[in-house]
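Heads up, the thing below is written out as structure tokens.
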Amino acid sequence: MATLARILTLILMGALGTVAERFLIGLQAPQALSNPFSVMRLGAALQIAFDSLNSNPTFMPNHTFAFTYADCACDAKVSLDSFVTQVREKGIIALLGPVCAEASEVSFFIRVPILMPSCCPLCN
């Protein structure tokens with residue numbers, strides 16, 4: 001838990017130039033339970049982590065964290081489309097998940113940090 005908190009703090013310090021009250025993080029993961037990075041495996045753990053951060057009065061007081069999910073289906077086109085949608089329509093400030101190289105490359109240019117344990121080739 002402490003590691004996630006440190007990572008989120010570093011991302012927020014680097015991604016934001018102003019103070020905000022709510023930080024929305026995008027999550028991209030396949031829905032298939034057979035995948036080790038499935039949202040069925042990660043979703044509950046992330047919700048617990050975010051709830052823990054939000055209930056800690058000493059960790060970034062007056063700020064809340066939330067995430068929004070998109071099924072990347074381990075497909076480059078779907079992943080890229082989902083990423084652009086999450087940035088433009090949802091306003092995410094960072095992305096978690098096994099996103100594909102295309103989304104990673106776009107994130108560099110629009111300055112949205114990505115935390116991922118792997119790329120899509122490992123999803124298959």
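Note on naming: chains are A, B, ... as they come in the structure tokens, residues start from 1 per chain, ligands start from 1 in the order shown.
Residues lying within 9 Å of Ile25 of chain A, counting only C-alpha atoms and ignoring same-chain neighbours fewer than 3 positions away, are Phe65, Ala66, Phe67, Thr68, Tyr69, Gly91, Ile92, Ile93, Ala94, Leu95 and Leu96 of chain A.
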Output the selection as a PDB file, in the first residue's frame - C-alpha atoms for each residue.
```pdb
ATOM      1  CA  PHE A  65      -8.509   9.429  -5.804  1.00  0.00           C
ATOM      2  CA  ALA A  66     -10.753   7.493  -8.158  1.00  0.00           C
ATOM      3  CA  PHE A  67     -10.288   5.318 -11.199  1.00  0.00           C
ATOM      4  CA  THR A  68     -12.201   4.707 -14.374  1.00  0.00           C
ATOM      5  CA  TYR A  69     -11.995   1.401 -16.236  1.00  0.00           C
ATOM      6  CA  GLY A  91      -9.882  13.752 -17.851  1.00  0.00           C
ATOM      7  CA  ILE A  92      -7.536  11.131 -16.419  1.00  0.00           C
ATOM      8  CA  ILE A  93      -4.160  12.317 -15.162  1.00  0.00           C
ATOM      9  CA  ALA A  94      -2.399   8.922 -15.239  1.00  0.00           C
ATOM     10  CA  LEU A  95      -3.029   5.440 -16.589  1.00  0.00           C
ATOM     11  CA  LEU A  96      -2.640   2.042 -14.941  1.00  0.00           C
TER      12      LEU A  96
END
```
Which residues come within 8 Å of Ala73 of chain A, counting only C-alpha atoms, excluding same-chain residues fewer than 5 positions away, as a PyMOL selection string?
-> chain A and resi 29-32+78-79
Next, the residues of the selection above should be written as a tab-separated table (two decimals), in the first residue's frame with C-alpha atoms.
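Final output, part_8.tsv:
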```
chain	number	residue	atom	x	y	z
A	29	ALA	CA	-7.00	-4.17	-18.39
A	30	PRO	CA	-8.52	-7.10	-20.21
A	31	GLN	CA	-11.75	-8.44	-18.79
A	32	ALA	CA	-10.89	-12.12	-19.38
A	78	VAL	CA	-8.90	-0.88	-28.67
A	79	SER	CA	-6.26	0.15	-26.14
```
Residue set, segment 8-115 of chain A restricted to helix (DSSP H, G or I), as a ChimeraX atom specification = /A:8-15,39-55,76-90,101-110
Which polymer residues have any atom within 10 Å of an atom of Glu102 of chain A, counting only C-alpha atoms, with same-chain residues fewer than 4 positions away left out, as a ChimeraX atom specification?
-> /A:76-77,79-81,83,106-107
Write the residues of the selection above to a file with C-alpha atoms, as a PDB file, in the first residue's frame.
```
ATOM      1  CA  ALA A  76      -3.635  -2.255 -29.781  1.00  0.00           C
ATOM      2  CA  LYS A  77      -6.467  -0.386 -31.534  1.00  0.00           C
ATOM      3  CA  SER A  79      -6.258   0.154 -26.136  1.00  0.00           C
ATOM      4  CA  LEU A  80      -5.349   3.319 -28.030  1.00  0.00           C
ATOM      5  CA  ASP A  81      -8.992   4.289 -28.560  1.00  0.00           C
ATOM      6  CA  PHE A  83      -6.769   5.724 -23.804  1.00  0.00           C
ATOM      7  CA  VAL A 106       0.798   8.799 -27.443  1.00  0.00           C
ATOM      8  CA  SER A 107       0.960   9.268 -23.664  1.00  0.00           C
TER       9      SER A 107
END
```
Considering only C-alpha atoms, return as a PyMOL selection string whatever protein or nucleic-acid residues lie within 6 Å of Gln28 of chain A, sequence-local ones (same chain, fewer than 4 positions apart) excluded.
-> chain A and resi 69-72+97
Selected residues written out, N, CA and C atoms, as a tab-separated table (two decimals), in the first residue's frame:
```
chain	number	residue	atom	x	y	z
A	69	TYR	N	-12.46	2.62	-15.57
A	69	TYR	CA	-12.00	1.40	-16.24
A	69	TYR	C	-12.39	1.37	-17.71
A	70	ALA	N	-11.48	0.82	-18.52
A	70	ALA	CA	-11.77	0.52	-19.93
A	70	ALA	C	-11.16	-0.83	-20.26
A	71	ASP	N	-11.91	-1.68	-20.92
A	71	ASP	CA	-11.42	-3.00	-21.34
A	71	ASP	C	-10.55	-2.82	-22.57
A	72	CYS	N	-9.24	-3.08	-22.42
A	72	CYS	CA	-8.33	-2.93	-23.56
A	72	CYS	C	-8.33	-4.17	-24.45
A	97	GLY	N	-2.21	0.00	-16.13
A	97	GLY	CA	-2.66	-1.15	-16.90
A	97	GLY	C	-1.68	-1.64	-17.93
```
Expected answer as a PyMOL selection string: strand (DSSP E) residues in segment 10-79 of chain A = chain A and resi 22-29+64-71
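Comparing the minimum interatomic distances between Leu24 of chain A and each of A:Val112, A:Phe59, A:Ala101, A:Leu42, counting only C-alpha atoms, we find that A:Val112 sits nearest.
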